[in-house]
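S.K.: Structure provided below as structure tokens; questions to follow.
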Amino acid sequence: MIKKRIPLIWNKPGGGQDNGSNPWGRKGGEQGPPDLDQIFRQFYDKIKRVLGGTRRSSSSSSDGGPEFQFFSATFFVVLLVLYAISGIYIVDPPERAVVMRFGKYARTEGPGPHWLPPLIETKEIVNVEQVATTDHSGLVLTKDGNIVSVGVAVPYRIGEDDEDVRSFLFNVVNPIRSLKQSTESALRQVVGQSTMDEVLTSKRSEIATAMKEQIVATLKNYHTGIWVLDVVMQFAKAPDEVRAAFDDVIKASADEERLVNQARAYENEVLPRAKGTAERLRNEALGYKEETILVAEGNVQRFNLVLPQYLKAPKVTQARMYLDTLEQILSKTSKVIVNAGEGNNLIYLPLDRLMVEKQQATDASPVEQSSSSTMNNPLKEPLSITSGFQKEKNP
């Protein structure tokens with residue numbers, strides 16, 4: 001079978017047909033791929049027209065010498081500029097940039113704009129101020145053989161020093177997993193050395209502090225670059241099977257603490273008051289003791305002074321003492337005895353004044369009464385006795 005060859009007919013832009021041209025721009029109906037040099041020259045001419053250049057003739061551009069070199073240089077400059085721009089990066093204030101040259105640590109950059117050569121150096125941005133938290137919970141065996149359910153939260157962040165940032169990226173494969181494993185190990189060790197009552201009630205803060213110290217020591221030995229900020233015990237409770245009994249224990253412990261606080265408050269209120277009262281009574285007793293001793297010593301000294309006069313005139317001294325004693329006794333009674341004797345003398349008794357003086361004497365303190373009784377004692381007035389004795393001796 002013979003196939004008939006159909007000639008290709010191409011439409012011209014004016015509507016006519018041209019049998020001697022094809023879509024690749026060749027004449028004579030020749031078939032083949034496009035001319036790449038001609039395409040690049042046309043693209044270069046368009047760039048020159050956009051940039052304001054003048055189009056040269058096809059004969060001058062057909063050789064492709066200076067124009068192709070200029071295009072190559074321009075393309076190289078553009079690539080160089082893009083290469084330089086792609087190496088610019090900015091580090092925020094809370095971040096640090098670790099630069100690696102062909103995968104090996106080179107330096108650590110702080111906040112601000114920086115540049116590195118792409119394809120030669122790479123960077124890793126690390127936030128050193130962001131605080132994250134890892135949680136861990138589980139059943140732990142205590143020292144007294146009980147099982148408790150404990151949950152802890154560990155807030156942490158990456159250290160600000162260059163050494164810490166470098167250690168976080170390169171020393172350990174997975175620092176966060178190492179932190180979780182250290183937390184689990186510290187939890188089991190510290191809780192395993194405590195009793196169940198201590199874990200549930202009295203020593204929760206001490207257990208959290210001991211856990212923090214152990215976690216910090218472990219991470220420091222491995223050089224992870226992680227800073228542990230705190231260890232918080234989220235919950236500590238007994239297993240479900242014995243939770244009711246341990247709830248009663250916790251309630252009893254809380255009641256015990258409340259009653260102890262109430263007793264201490266009552267003690268702080270009553271004890272200072274009792275001490276003050278005891279001190280006041282003691283001072284009053286010491287004062288009364290000193291007063292009694294001084295009064296007694298004074299009476300003894302006065303008696304020793306009067307004793308020689310008494311030995312010289314005992315009757316006169318006895319009479320004076322008798323009269324003074326009667327005066328002291330009768331001054332405390334409301335009865336008035338008057339021995340008028342013989343005669344028509346009128347006696348005036350100021351009863352109102354006597355009653356006022358009696359009331360004042362009754363209301364006087366024991367010291368004043370003692371002083372008044374001492375003044376009325378004949379032993380306190382040796383001169384009057386001596387003078388009376390002399391009068392009796394020399395009438």
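Within each chain, counting starts at residue 1; across the structure tokens, chains are named A, B, ... in the order shown, with ligands numbered 1 upward in that order.
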As a list in words, please: the residues near range 90-92 of chain A (cut-off 10 Å, only C-alpha atoms, same-chain neighbours under 4 positions excluded).

M.R.: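 My reading of the contact set: Arg96, Ala97, Glu109, Gly110, Pro111, Gly112, Pro113, His114, Trp115, Ile125, Val126 and Asn127 of chain A.
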
S.K.: Can you build me a table of range 224-280 of chain A residues sitting at most 10 Å from range 134-141 of chain A, with the closest atom pair per residue and its distance in Å to one decimal, using only C-alpha atoms, sorted by chain and residue number, as a tab-separated table?

M.R.:
residue	atom	partner	partner_atom	distance
A:Val231	CA	A:Asp135	CA	9.9
A:Val232	CA	A:Asp135	CA	9.6
A:Met233	CA	A:Ser137	CA	9.7
A:Gln234	CA	A:Ser137	CA	9.0
A:Phe235	CA	A:Ser137	CA	8.9
A:Ala236	CA	A:Ser137	CA	9.5
A:Lys237	CA	A:Leu139	CA	9.7
A:Ala238	CA	A:Leu139	CA	9.2
A:Pro239	CA	A:Leu139	CA	8.4

S.K.: Could you save those same residues with C-alpha atoms as a CSV table (one decimal), in the first residue's frame?

M.R.:
chain,number,residue,atom,x,y,z
A,231,VAL,CA,10.5,19.8,90.6
A,232,VAL,CA,6.8,20.0,91.5
A,233,MET,CA,4.9,17.0,92.9
A,234,GLN,CA,1.5,17.1,91.2
A,235,PHE,CA,-0.1,14.4,93.1
A,236,ALA,CA,0.8,11.6,95.5
A,237,LYS,CA,-1.9,9.1,96.4
A,238,ALA,CA,-2.5,5.6,97.4
A,239,PRO,CA,-3.7,2.9,95.0

S.K.: With distances taken over only C-alpha atoms, which of A:Gln193, A:Thr108, A:Thr292, A:Thr122 is nearest to Asp144 in chain A?

M.R.: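 Between A:Gln193, A:Thr108, A:Thr292, A:Thr122, the residue approaching Asp144 in chain A most closely is A:Gln193.
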
S.K.: With distances taken over only C-alpha atoms, which of A:Thr142, A:Thr277, A:Thr74, A:Thr183 is nearest to Tyr156 in chain A?

M.R.: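 Looking at the shortest contact to Tyr156 in chain A, the residue is A:Thr183.
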
S.K.: Report as CSV the residues of range 165-193 of chain A within 9 Å of range 204-223 of chain A, each with its shortest atom pair and distance in Å (one decimal), using only C-alpha atoms, ordered by chain and increasing residue number.

M.R.:
residue,atom,partner,partner_atom,distance
A:Ser167,CA,A:His223,CA,6.0
A:Phe168,CA,A:His223,CA,7.7
A:Asn171,CA,A:His223,CA,6.6
A:Val172,CA,A:Tyr222,CA,7.6
A:Pro175,CA,A:Leu219,CA,8.9
A:Ser178,CA,A:Leu219,CA,7.9
A:Leu179,CA,A:Leu219,CA,7.1
A:Ser182,CA,A:Ile215,CA,5.7
A:Thr183,CA,A:Ile215,CA,6.1
A:Ser185,CA,A:Ile215,CA,8.4
A:Ala186,CA,A:Met211,CA,5.4
A:Leu187,CA,A:Met211,CA,6.3
A:Gln189,CA,A:Met211,CA,8.5
A:Val190,CA,A:Met211,CA,6.4
A:Val191,CA,A:Ile207,CA,7.1

S.K.: Could you jot down the CA of Leu323 in chain A to CA of Val306 in chain A separation for me, Å, one decimal place?

M.R.: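 CA of Val306 in chain A lies at a distance of 16.8 Å from CA of Leu323 in chain A.
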
S.K.: Give the alpha helix (DSSP H) residues of range 115-303 of chain A, as DSSP finds them on the backbone, and put them as number ranges by chain.

M.R.: A: 162-170, 175-192, 196-197, 204-222, 243-303

S.K.: List the neighbours of Pro117 in chain A out to 8 Å using only C-alpha atoms; skip same-chain residues closer than 5 positions along the sequence, and give me the result as a list of chain:residue names.

M.R.: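 Residues near the query, excluding close chain neighbours: A:Tyr83, A:Ala84, A:Gly87.
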